[in-house]
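Undergrad: Sharing final_17.cif below, mmCIF, C-alpha atoms:
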```cif
data_structure
#
loop_
_atom_site.group_PDB
_atom_site.id
_atom_site.type_symbol
_atom_site.label_atom_id
_atom_site.label_comp_id
_atom_site.auth_asym_id
_atom_site.auth_seq_id
_atom_site.Cartn_x
_atom_site.Cartn_y
_atom_site.Cartn_z
ATOM 1 C CA MET A 1 38.151 30.412 6.435
ATOM 2 C CA THR A 2 40.782 28.826 8.630
ATOM 3 C CA LYS A 3 42.386 25.584 7.666
ATOM 4 C CA ARG A 4 40.768 23.842 10.624
ATOM 5 C CA ARG A 5 37.325 25.057 9.660
ATOM 6 C CA ALA A 6 37.823 23.975 6.090
ATOM 7 C CA SER A 7 38.821 20.496 7.135
ATOM 8 C CA ALA A 8 35.860 20.276 9.503
ATOM 9 C CA LEU A 9 33.581 21.255 6.653
ATOM 10 C CA ALA A 10 35.186 18.692 4.374
ATOM 11 C CA ALA A 11 34.757 16.003 7.016
ATOM 12 C CA THR A 12 31.081 16.929 7.450
ATOM 13 C CA LEU A 13 30.479 16.777 3.729
ATOM 14 C CA ALA A 14 32.251 13.435 3.462
ATOM 15 C CA GLY A 15 30.139 12.149 6.341
ATOM 16 C CA LEU A 16 26.962 13.267 4.620
ATOM 17 C CA MET A 17 27.981 11.526 1.422
ATOM 18 C CA VAL A 18 28.658 8.287 3.261
ATOM 19 C CA ALA A 19 25.317 8.553 5.049
ATOM 20 C CA GLY A 20 23.597 9.121 1.715
ATOM 21 C CA ALA A 21 25.246 6.093 0.166
ATOM 22 C CA ALA A 22 24.380 3.910 3.157
ATOM 23 C CA HIS A 23 20.740 4.863 2.722
ATOM 24 C CA ALA A 24 20.954 3.398 -0.813
ATOM 25 C CA GLU A 25 18.517 5.299 -2.951
ATOM 26 C CA GLY A 26 16.487 3.061 -5.205
ATOM 27 C CA ASP A 27 16.550 3.422 -8.968
ATOM 28 C CA PRO A 28 13.015 3.749 -10.382
ATOM 29 C CA GLN A 29 14.138 2.668 -13.850
ATOM 30 C CA LYS A 30 15.560 -0.602 -12.527
ATOM 31 C CA GLY A 31 12.520 -0.903 -10.298
ATOM 32 C CA ARG A 32 10.255 -0.882 -13.312
ATOM 33 C CA TYR A 33 11.824 -4.108 -14.506
ATOM 34 C CA ALA A 34 12.090 -5.704 -11.095
ATOM 35 C CA ALA A 35 8.415 -4.934 -10.449
ATOM 36 C CA GLN A 36 7.036 -6.998 -13.314
ATOM 37 C CA THR A 37 5.958 -9.835 -11.053
ATOM 38 C CA CYS A 38 4.115 -7.399 -8.787
ATOM 39 C CA LEU A 39 1.823 -6.425 -11.633
ATOM 40 C CA GLY A 40 0.181 -9.845 -11.688
ATOM 41 C CA CYS A 41 -1.827 -8.644 -8.710
ATOM 42 C CA HIS A 42 -1.050 -4.965 -8.102
ATOM 43 C CA GLY A 43 -1.479 -4.019 -11.747
ATOM 44 C CA ILE A 44 -5.037 -5.314 -12.058
ATOM 45 C CA PRO A 45 -7.694 -2.828 -10.934
ATOM 46 C CA ASP A 46 -9.846 -4.288 -8.146
ATOM 47 C CA GLN A 47 -7.892 -7.538 -8.055
ATOM 48 C CA ALA A 48 -9.053 -9.509 -5.040
ATOM 49 C CA ASN A 49 -7.069 -11.414 -2.456
ATOM 50 C CA VAL A 50 -8.970 -14.496 -1.302
ATOM 51 C CA TYR A 51 -9.197 -16.144 2.133
ATOM 52 C CA PRO A 52 -9.765 -13.570 3.410
ATOM 53 C CA THR A 53 -11.316 -11.599 0.576
ATOM 54 C CA TYR A 54 -10.215 -8.008 0.124
ATOM 55 C CA LYS A 55 -8.849 -5.962 -2.714
ATOM 56 C CA VAL A 56 -5.073 -5.972 -3.096
ATOM 57 C CA PRO A 57 -3.686 -2.555 -2.169
ATOM 58 C CA LYS A 58 -2.987 0.187 -4.652
ATOM 59 C CA LEU A 59 0.763 0.805 -4.634
ATOM 60 C CA GLY A 60 1.249 3.437 -7.323
ATOM 61 C CA GLY A 61 2.140 6.736 -5.684
ATOM 62 C CA GLN A 62 2.814 5.158 -2.293
ATOM 63 C CA HIS A 63 5.819 6.354 -0.235
ATOM 64 C CA SER A 64 9.030 4.468 -0.996
ATOM 65 C CA GLU A 65 10.177 4.259 2.611
ATOM 66 C CA TYR A 66 6.918 2.595 3.575
ATOM 67 C CA ILE A 67 7.137 0.115 0.669
ATOM 68 C CA VAL A 68 10.673 -0.805 1.755
ATOM 69 C CA SER A 69 9.542 -1.426 5.326
ATOM 70 C CA ALA A 70 6.583 -3.496 4.118
ATOM 71 C CA LEU A 71 8.749 -5.696 1.878
ATOM 72 C CA GLU A 72 11.341 -6.115 4.621
ATOM 73 C CA ALA A 73 8.631 -7.144 7.066
ATOM 74 C CA TYR A 74 7.317 -9.719 4.586
ATOM 75 C CA ARG A 75 10.845 -10.976 4.013
ATOM 76 C CA SER A 76 11.551 -11.422 7.715
ATOM 77 C CA GLY A 77 8.156 -13.017 8.266
ATOM 78 C CA ALA A 78 7.066 -10.263 10.658
ATOM 79 C CA ARG A 79 4.201 -9.417 8.331
ATOM 80 C CA PRO A 80 2.079 -12.387 7.353
ATOM 81 C CA HIS A 81 1.003 -13.189 3.797
ATOM 82 C CA PRO A 82 2.397 -16.327 2.192
ATOM 83 C CA THR A 83 2.496 -14.970 -1.369
ATOM 84 C CA MET A 84 4.080 -11.677 -0.376
ATOM 85 C CA GLN A 85 6.596 -13.423 1.883
ATOM 86 C CA ALA A 86 7.665 -15.639 -1.020
ATOM 87 C CA GLN A 87 7.941 -12.631 -3.317
ATOM 88 C CA ALA A 88 9.928 -10.560 -0.846
ATOM 89 C CA ARG A 89 12.327 -13.390 -0.022
ATOM 90 C CA ALA A 90 13.280 -13.630 -3.687
ATOM 91 C CA LEU A 91 14.324 -9.974 -3.740
ATOM 92 C CA THR A 92 17.708 -8.478 -2.942
ATOM 93 C CA GLU A 93 17.965 -5.392 -0.739
ATOM 94 C CA GLN A 94 18.749 -3.310 -3.818
ATOM 95 C CA GLU A 95 15.739 -4.667 -5.724
ATOM 96 C CA ILE A 96 13.500 -3.755 -2.796
ATOM 97 C CA GLN A 97 14.865 -0.201 -2.893
ATOM 98 C CA ASP A 98 14.437 -0.020 -6.673
ATOM 99 C CA ILE A 99 10.871 -1.334 -6.635
ATOM 100 C CA ALA A 100 9.922 1.080 -3.863
ATOM 101 C CA ALA A 101 11.439 3.977 -5.790
ATOM 102 C CA TYR A 102 9.495 2.936 -8.883
ATOM 103 C CA PHE A 103 6.144 2.701 -7.067
ATOM 104 C CA ALA A 104 6.697 6.113 -5.494
ATOM 105 C CA SER A 105 7.753 7.680 -8.782
ATOM 106 C CA ILE A 106 4.696 6.856 -10.851
ATOM 107 C CA ASP A 107 1.711 9.126 -10.750
ATOM 108 C CA GLN A 108 -1.780 8.873 -12.080
ATOM 109 C CA SER A 109 -1.328 11.330 -14.912
ATOM 110 C CA ARG A 110 1.269 9.185 -16.655
ATOM 111 C CA MET B 1 -53.818 -9.826 -1.108
ATOM 112 C CA GLN B 2 -51.088 -12.321 -1.885
ATOM 113 C CA ARG B 3 -49.582 -9.979 -4.439
ATOM 114 C CA ILE B 4 -49.447 -7.206 -1.849
ATOM 115 C CA SER B 5 -47.660 -9.347 0.730
ATOM 116 C CA VAL B 6 -45.161 -10.490 -1.884
ATOM 117 C CA PHE B 7 -44.558 -6.837 -2.663
ATOM 118 C CA PHE B 8 -43.980 -5.979 0.990
ATOM 119 C CA ALA B 9 -41.759 -8.985 1.530
ATOM 120 C CA THR B 10 -39.645 -7.981 -1.456
ATOM 121 C CA ALA B 11 -39.456 -4.379 -0.295
ATOM 122 C CA ALA B 12 -38.465 -5.502 3.203
ATOM 123 C CA LEU B 13 -35.754 -7.769 1.839
ATOM 124 C CA MET B 14 -34.371 -5.017 -0.368
ATOM 125 C CA LEU B 15 -34.301 -2.643 2.568
ATOM 126 C CA LEU B 16 -32.489 -5.202 4.690
ATOM 127 C CA ALA B 17 -29.998 -5.830 1.921
ATOM 128 C CA THR B 18 -29.302 -2.101 1.677
ATOM 129 C CA LEU B 19 -28.852 -1.772 5.434
ATOM 130 C CA ASN B 20 -26.569 -4.773 5.468
ATOM 131 C CA THR B 21 -24.419 -3.375 2.662
ATOM 132 C CA ALA B 22 -24.244 -0.023 4.383
ATOM 133 C CA HIS B 23 -23.017 -1.691 7.515
ATOM 134 C CA ALA B 24 -20.447 -3.802 5.686
ATOM 135 C CA ALA B 25 -19.165 -0.839 3.729
ATOM 136 C CA GLY B 26 -18.817 1.465 6.713
ATOM 137 C CA ASP B 27 -19.869 5.083 7.001
ATOM 138 C CA PRO B 28 -17.316 7.597 5.651
ATOM 139 C CA ALA B 29 -18.818 10.494 7.628
ATOM 140 C CA ALA B 30 -18.573 8.535 10.869
ATOM 141 C CA GLY B 31 -15.063 7.476 9.900
ATOM 142 C CA ARG B 32 -14.046 11.075 9.468
ATOM 143 C CA GLU B 33 -15.107 11.807 13.034
ATOM 144 C CA LYS B 34 -12.984 8.931 14.266
ATOM 145 C CA SER B 35 -9.915 9.769 12.180
ATOM 146 C CA GLN B 36 -8.448 12.574 14.317
ATOM 147 C CA THR B 37 -5.695 10.428 15.804
ATOM 148 C CA CYS B 38 -4.818 8.799 12.482
ATOM 149 C CA ALA B 39 -4.105 12.201 10.931
ATOM 150 C CA ALA B 40 -1.046 12.691 13.148
ATOM 151 C CA CYS B 41 0.891 10.166 11.073
ATOM 152 C CA HIS B 42 -1.199 9.537 7.952
ATOM 153 C CA GLY B 43 -1.817 13.193 7.174
ATOM 154 C CA GLU B 44 -4.781 15.509 7.324
ATOM 155 C CA LYS B 45 -6.674 13.743 4.549
ATOM 156 C CA GLY B 46 -4.703 10.515 4.411
ATOM 157 C CA ASN B 47 -2.055 12.016 2.152
ATOM 158 C CA THR B 48 0.886 12.113 4.536
ATOM 159 C CA GLN B 49 4.119 13.632 3.292
ATOM 160 C CA ASN B 50 6.092 11.584 5.814
ATOM 161 C CA SER B 51 7.598 8.766 3.766
ATOM 162 C CA MET B 52 7.714 6.412 6.751
ATOM 163 C CA TYR B 53 3.946 6.120 6.845
ATOM 164 C CA PRO B 54 1.621 4.860 4.128
ATOM 165 C CA LYS B 55 -0.727 7.187 2.316
ATOM 166 C CA LEU B 56 -4.277 6.014 2.899
ATOM 167 C CA ALA B 57 -6.355 8.350 0.734
ATOM 168 C CA GLY B 58 -8.051 6.445 -2.055
ATOM 169 C CA GLN B 59 -6.835 3.047 -0.861
ATOM 170 C CA HIS B 60 -9.312 0.164 -1.180
ATOM 171 C CA PRO B 61 -11.562 0.167 1.923
ATOM 172 C CA SER B 62 -11.553 -3.626 2.060
ATOM 173 C CA TYR B 63 -7.746 -3.622 2.281
ATOM 174 C CA LEU B 64 -7.726 -0.912 4.955
ATOM 175 C CA TYR B 65 -10.316 -2.789 6.982
ATOM 176 C CA GLN B 66 -8.357 -6.025 6.636
ATOM 177 C CA THR B 67 -5.187 -4.240 7.748
ATOM 178 C CA LEU B 68 -6.834 -2.746 10.831
ATOM 179 C CA LYS B 69 -8.252 -6.144 11.736
ATOM 180 C CA SER B 70 -4.871 -7.829 11.434
ATOM 181 C CA TYR B 71 -3.298 -5.188 13.690
ATOM 182 C CA LYS B 72 -6.059 -5.795 16.200
ATOM 183 C CA SER B 73 -5.655 -9.566 16.136
ATOM 184 C CA GLY B 74 -1.881 -9.183 16.486
ATOM 185 C CA GLU B 75 -1.333 -11.037 13.219
ATOM 186 C CA ARG B 76 0.409 -7.956 11.897
ATOM 187 C CA GLU B 77 2.786 -6.475 14.430
ATOM 188 C CA ASN B 78 3.406 -2.781 14.835
ATOM 189 C CA ALA B 79 3.818 -1.069 18.174
ATOM 190 C CA ILE B 80 2.107 2.152 17.106
ATOM 191 C CA MET B 81 -0.790 0.594 15.234
ATOM 192 C CA ALA B 82 -1.432 -2.042 17.879
ATOM 193 C CA GLY B 83 -2.039 0.746 20.374
ATOM 194 C CA GLN B 84 -4.238 2.663 17.976
ATOM 195 C CA VAL B 85 -6.574 -0.181 17.077
ATOM 196 C CA ALA B 86 -6.918 -1.538 20.609
ATOM 197 C CA GLY B 87 -9.906 0.685 21.326
ATOM 198 C CA LEU B 88 -11.578 0.349 17.927
ATOM 199 C CA SER B 89 -14.747 -1.671 17.370
ATOM 200 C CA ASP B 90 -15.437 -3.569 14.171
ATOM 201 C CA GLU B 91 -17.750 -0.753 13.120
ATOM 202 C CA ASP B 92 -15.071 1.869 13.834
ATOM 203 C CA MET B 93 -12.645 -0.001 11.583
ATOM 204 C CA ARG B 94 -15.204 -0.253 8.781
ATOM 205 C CA ASP B 95 -16.005 3.452 9.104
ATOM 206 C CA LEU B 96 -12.346 4.481 9.038
ATOM 207 C CA ALA B 97 -11.702 2.242 6.028
ATOM 208 C CA ALA B 98 -14.690 3.766 4.234
ATOM 209 C CA TYR B 99 -13.548 7.304 5.072
ATOM 210 C CA TYR B 100 -9.973 6.917 3.839
ATOM 211 C CA GLY B 101 -11.124 4.990 0.796
ATOM 212 C CA SER B 102 -13.453 7.836 -0.125
ATOM 213 C CA LEU B 103 -10.713 10.495 -0.146
ATOM 214 C CA GLU B 104 -8.887 11.749 -3.201
ATOM 215 C CA GLY B 105 -5.225 10.850 -3.217
ATOM 216 C CA ASP B 106 -2.118 9.842 -5.103
ATOM 217 C CA LEU B 107 -2.699 6.114 -4.823
ATOM 218 C CA HIS B 108 -3.601 4.081 -7.855
ATOM 219 C CA THR B 109 -3.239 0.619 -9.327
ATOM 220 C CA LEU B 110 0.128 0.067 -10.986
ATOM 221 C CA PRO B 111 0.068 0.887 -14.698
ATOM 222 C CA LEU B 112 -0.056 -2.360 -16.608
ATOM 223 C CA GLY B 113 -0.060 -0.819 -20.083
ATOM 224 C CA GLN B 114 3.300 0.819 -19.540
ATOM 225 C CA GLN B 115 4.744 -2.457 -18.374
ATOM 226 C CA ARG B 116 3.446 -4.330 -21.400
ATOM 227 C CA ALA B 117 5.364 -1.912 -23.571
ATOM 228 C CA ILE B 118 8.542 -2.633 -21.611
ATOM 229 C CA ILE B 119 8.071 -6.365 -21.992
ATOM 230 C CA ARG B 120 7.482 -5.943 -25.728
ATOM 231 C CA ARG B 121 10.636 -3.883 -26.021
ATOM 232 C CA GLN B 122 12.648 -6.530 -24.184
ATOM 233 C CA ARG B 123 11.323 -9.265 -26.440
ATOM 234 C CA GLY B 124 11.999 -7.135 -29.472
ATOM 235 C CA SER B 125 15.617 -6.579 -28.480
ATOM 236 C CA GLY B 126 16.195 -10.310 -28.269
ATOM 237 C CA CYS B 127 17.292 -9.959 -24.660
ATOM 238 C CA PRO B 128 15.739 -12.343 -22.176
ATOM 239 C CA PRO B 129 13.634 -10.607 -19.554
ATOM 240 C CA PRO B 130 15.285 -10.170 -16.145
ATOM 241 C CA ALA B 131 15.132 -13.238 -13.925
ATOM 242 C CA ALA B 132 11.541 -13.777 -12.864
ATOM 243 C CA HIS B 133 11.265 -13.784 -9.101
ATOM 244 C CA ALA B 134 8.260 -16.058 -9.135
ATOM 245 C CA THR B 135 10.391 -19.001 -10.252
ATOM 246 C CA ASP B 136 13.067 -18.488 -7.624
#
```
Could you spell out this file's structure in structure tokens?
TA:
Amino acid sequence: MTKRRASALAATLAGLMVAGAAHAEGDPQKGRYAAQTCLGCHGIPDQANVYPTYKVPKLGGQHSEYIVSALEAYRSGARPHPTMQAQARALTEQEIQDIAAYFASIDQSR
Amino acid sequence: MQRISVFFATAALMLLATLNTAHAAGDPAAGREKSQTCAACHGEKGNTQNSMYPKLAGQHPSYLYQTLKSYKSGERENAIMAGQVAGLSDEDMRDLAAYYGSLEGDLHTLPLGQQRAIIRRQRGSGCPPPAAHATD
């Protein structure tokens, strides 16, 4: 391998690492703690939202990327729901990532 | 005579109630027919492996229906979904919600028991629980 090729490879790897860090993977263990408030509604089977009435969504096993986008939309106000907006606005970016990672990590068998 | 008409009236009411429920709940078989487009993003049976999109299989039908309605009204904004729901009738949305709700999937209610154990452990250690977001 030439020196130039080696340095190009090193630069690519460094770039990938930076990109990975920027994506900020959530930590499911931390998410477990941060998600305690969520359980008041999302941890009760068949818990109902009222006005309008519908069952609050099941979140266990849901994709993390989708959960992140949902919480960000609540936080910005783009997605309406007063309770969820209040919840999301109290979360840091890292907590959102952690909670999403936790939801995605749990499966029915556990 | 009177007893017979009471019987028929009751039977008629029960039948109506059943029909009404069926309508409100949506028809999963009809929903399946209408779900072709949805599968492109949400997966063949609502279990997409693309992390950008939500899994739908096994989700509560009432939530799915509510979500479709809020896309249709514009209350919830999403360029893709707004286009998808534009041509859907109320019945279509109920059918789709019933179909995806009827499928087997990964989705489930968050495990409360596990969390109780965590809370107990935190109390036991004498450490205060992490800041509660609800009070912020």
Undergrad: Using CA of Gly74 in chain B and CA of Ile99 in chain A as the two end points, give the distance in Å to one decimal.
TA: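 So the two atoms, CA of Gly74 in chain B and CA of Ile99 in chain A, lie 27.5 Å apart.
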Undergrad: Ranking A:Ser64, A:Ser76, A:Thr83, A:Thr92 by minimum distance to chain B and counting all atoms listed in the file, which one comes first?
TA: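 Closest to chain B, using all atoms listed in the file: A:Ser64.
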Undergrad: Taking the file as I've supplied it (selection: the PyMOL selection byres ((chain A) within 8 of (chain B))), which residues are included? Please answer as number ranges by chain.
TA: A: 32-34, 36-37, 39, 42-45, 54-66, 78-80, 87, 90-91, 103, 107-108
Undergrad: Translate the PyMOL selection byres ((chain A and resi 84) around 10) into a concrete residue list for this structure, as a ChimeraX atom specification.
TA: /A:38,70-71,73-75,77,79-83,85-90
Undergrad: Keeping only C-alpha atoms, write those residues as a PDB file, in the frame of the given file.
TA:
```
ATOM      1  CA  CYS A  38       4.115  -7.399  -8.787  1.00  0.00           C
ATOM      2  CA  ALA A  70       6.583  -3.496   4.118  1.00  0.00           C
ATOM      3  CA  LEU A  71       8.749  -5.696   1.878  1.00  0.00           C
ATOM      4  CA  ALA A  73       8.631  -7.144   7.066  1.00  0.00           C
ATOM      5  CA  TYR A  74       7.317  -9.719   4.586  1.00  0.00           C
ATOM      6  CA  ARG A  75      10.845 -10.976   4.013  1.00  0.00           C
ATOM      7  CA  GLY A  77       8.156 -13.017   8.266  1.00  0.00           C
ATOM      8  CA  ARG A  79       4.201  -9.417   8.331  1.00  0.00           C
ATOM      9  CA  PRO A  80       2.079 -12.387   7.353  1.00  0.00           C
ATOM     10  CA  HIS A  81       1.003 -13.189   3.797  1.00  0.00           C
ATOM     11  CA  PRO A  82       2.397 -16.327   2.192  1.00  0.00           C
ATOM     12  CA  THR A  83       2.496 -14.970  -1.369  1.00  0.00           C
ATOM     13  CA  GLN A  85       6.596 -13.423   1.883  1.00  0.00           C
ATOM     14  CA  ALA A  86       7.665 -15.639  -1.020  1.00  0.00           C
ATOM     15  CA  GLN A  87       7.941 -12.631  -3.317  1.00  0.00           C
ATOM     16  CA  ALA A  88       9.928 -10.560  -0.846  1.00  0.00           C
ATOM     17  CA  ARG A  89      12.327 -13.390  -0.022  1.00  0.00           C
ATOM     18  CA  ALA A  90      13.280 -13.630  -3.687  1.00  0.00           C
TER      19      ALA A  90
END
```
Undergrad: So what do you get for CA of Ala57 in chain B versus CA of Cys38 in chain B, distance-wise?
TA: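 A separation of 11.9 Å between them.
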Undergrad: One decimal, in Å: what's the spacing between CA of Asn49 in chain A and CA of Gln29 in chain A?
TA: 27.9 Å
Undergrad: Give as a PyMOL selection string the residues that the PyMOL selection byres ((chain A and resi 97) around 8) matches when applied to the coordinates above.
TA: chain A and resi 24-27+31+64+68+93-96+98-101
Undergrad: Can you rebuild range 53-83 of chain B with N, CA and C atoms and give it as an mmCIF file, in the coordinates of the input?
TA:
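Output contents, as saved in selection.cif:
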```
data_model
loop_
_atom_site.group_PDB
_atom_site.id
_atom_site.type_symbol
_atom_site.label_atom_id
_atom_site.label_comp_id
_atom_site.auth_asym_id
_atom_site.auth_seq_id
_atom_site.Cartn_x
_atom_site.Cartn_y
_atom_site.Cartn_z
ATOM 1 N N TYR B 53 5.309 6.607 6.648
ATOM 2 C CA TYR B 53 3.946 6.120 6.845
ATOM 3 C C TYR B 53 3.212 6.006 5.520
ATOM 4 N N PRO B 54 2.352 5.013 5.397
ATOM 5 C CA PRO B 54 1.621 4.860 4.128
ATOM 6 C C PRO B 54 0.551 5.927 3.923
ATOM 7 N N LYS B 55 0.408 6.351 2.686
ATOM 8 C CA LYS B 55 -0.727 7.187 2.316
ATOM 9 C C LYS B 55 -1.955 6.289 2.341
ATOM 10 N N LEU B 56 -3.050 6.810 2.793
ATOM 11 C CA LEU B 56 -4.277 6.014 2.899
ATOM 12 C C LEU B 56 -5.373 6.507 1.955
ATOM 13 N N ALA B 57 -5.284 7.769 1.550
ATOM 14 C CA ALA B 57 -6.355 8.350 0.734
ATOM 15 C C ALA B 57 -6.527 7.604 -0.576
ATOM 16 N N GLY B 58 -7.738 7.129 -0.805
ATOM 17 C CA GLY B 58 -8.051 6.445 -2.055
ATOM 18 C C GLY B 58 -7.694 4.967 -2.059
ATOM 19 N N GLN B 59 -7.147 4.479 -0.935
ATOM 20 C CA GLN B 59 -6.835 3.047 -0.861
ATOM 21 C C GLN B 59 -8.145 2.249 -0.808
ATOM 22 N N HIS B 60 -8.104 0.992 -1.224
ATOM 23 C CA HIS B 60 -9.312 0.164 -1.180
ATOM 24 C C HIS B 60 -9.794 0.008 0.265
ATOM 25 N N PRO B 61 -11.054 0.324 0.546
ATOM 26 C CA PRO B 61 -11.562 0.167 1.923
ATOM 27 C C PRO B 61 -11.424 -1.258 2.446
ATOM 28 N N SER B 62 -11.629 -2.241 1.576
ATOM 29 C CA SER B 62 -11.553 -3.626 2.060
ATOM 30 C C SER B 62 -10.136 -3.971 2.521
ATOM 31 N N TYR B 63 -9.139 -3.396 1.860
ATOM 32 C CA TYR B 63 -7.746 -3.622 2.281
ATOM 33 C C TYR B 63 -7.471 -2.907 3.606
ATOM 34 N N LEU B 64 -7.959 -1.675 3.717
ATOM 35 C CA LEU B 64 -7.726 -0.912 4.955
ATOM 36 C C LEU B 64 -8.387 -1.609 6.142
ATOM 37 N N TYR B 65 -9.595 -2.086 5.916
ATOM 38 C CA TYR B 65 -10.316 -2.789 6.982
ATOM 39 C C TYR B 65 -9.559 -4.057 7.386
ATOM 40 N N GLN B 66 -9.118 -4.801 6.387
ATOM 41 C CA GLN B 66 -8.357 -6.025 6.636
ATOM 42 C C GLN B 66 -7.085 -5.717 7.437
ATOM 43 N N THR B 67 -6.423 -4.638 7.076
ATOM 44 C CA THR B 67 -5.187 -4.240 7.748
ATOM 45 C C THR B 67 -5.456 -3.895 9.210
ATOM 46 N N LEU B 68 -6.493 -3.110 9.447
ATOM 47 C CA LEU B 68 -6.834 -2.746 10.831
ATOM 48 C C LEU B 68 -7.145 -3.990 11.652
ATOM 49 N N LYS B 69 -7.896 -4.915 11.024
ATOM 50 C CA LYS B 69 -8.252 -6.144 11.736
ATOM 51 C C LYS B 69 -7.013 -6.955 12.083
ATOM 52 N N SER B 70 -6.052 -7.005 11.159
ATOM 53 C CA SER B 70 -4.871 -7.829 11.434
ATOM 54 C C SER B 70 -3.956 -7.174 12.476
ATOM 55 N N TYR B 71 -4.012 -5.844 12.577
ATOM 56 C CA TYR B 71 -3.298 -5.188 13.690
ATOM 57 C C TYR B 71 -3.978 -5.536 15.001
ATOM 58 N N LYS B 72 -5.300 -5.540 14.980
ATOM 59 C CA LYS B 72 -6.059 -5.795 16.200
ATOM 60 C C LYS B 72 -5.870 -7.225 16.693
ATOM 61 N N SER B 73 -5.821 -8.167 15.745
ATOM 62 C CA SER B 73 -5.655 -9.566 16.136
ATOM 63 C C SER B 73 -4.209 -9.867 16.536
ATOM 64 N N GLY B 74 -3.292 -8.957 16.176
ATOM 65 C CA GLY B 74 -1.881 -9.183 16.486
ATOM 66 C C GLY B 74 -1.161 -9.938 15.376
ATOM 67 N N GLU B 75 -1.917 -10.302 14.346
ATOM 68 C CA GLU B 75 -1.333 -11.037 13.219
ATOM 69 C C GLU B 75 -0.264 -10.170 12.555
ATOM 70 N N ARG B 76 -0.572 -8.897 12.425
ATOM 71 C CA ARG B 76 0.409 -7.956 11.897
ATOM 72 C C ARG B 76 0.899 -7.111 13.058
ATOM 73 N N GLU B 77 2.215 -7.119 13.249
ATOM 74 C CA GLU B 77 2.786 -6.475 14.430
ATOM 75 C C GLU B 77 3.319 -5.086 14.128
ATOM 76 N N ASN B 78 2.891 -4.140 14.914
ATOM 77 C CA ASN B 78 3.406 -2.781 14.835
ATOM 78 C C ASN B 78 3.032 -2.096 16.132
ATOM 79 N N ALA B 79 4.043 -1.620 16.837
ATOM 80 C CA ALA B 79 3.818 -1.069 18.174
ATOM 81 C C ALA B 79 2.825 0.101 18.138
ATOM 82 N N ILE B 80 2.996 0.986 17.163
ATOM 83 C CA ILE B 80 2.107 2.152 17.106
ATOM 84 C C ILE B 80 0.683 1.731 16.765
ATOM 85 N N MET B 81 0.550 0.955 15.702
ATOM 86 C CA MET B 81 -0.790 0.594 15.234
ATOM 87 C C MET B 81 -1.524 -0.316 16.218
ATOM 88 N N ALA B 82 -0.786 -1.157 16.897
ATOM 89 C CA ALA B 82 -1.432 -2.042 17.879
ATOM 90 C C ALA B 82 -2.129 -1.200 18.947
ATOM 91 N N GLY B 83 -1.447 -0.140 19.370
ATOM 92 C CA GLY B 83 -2.039 0.746 20.374
ATOM 93 C C GLY B 83 -3.245 1.485 19.831
#
```
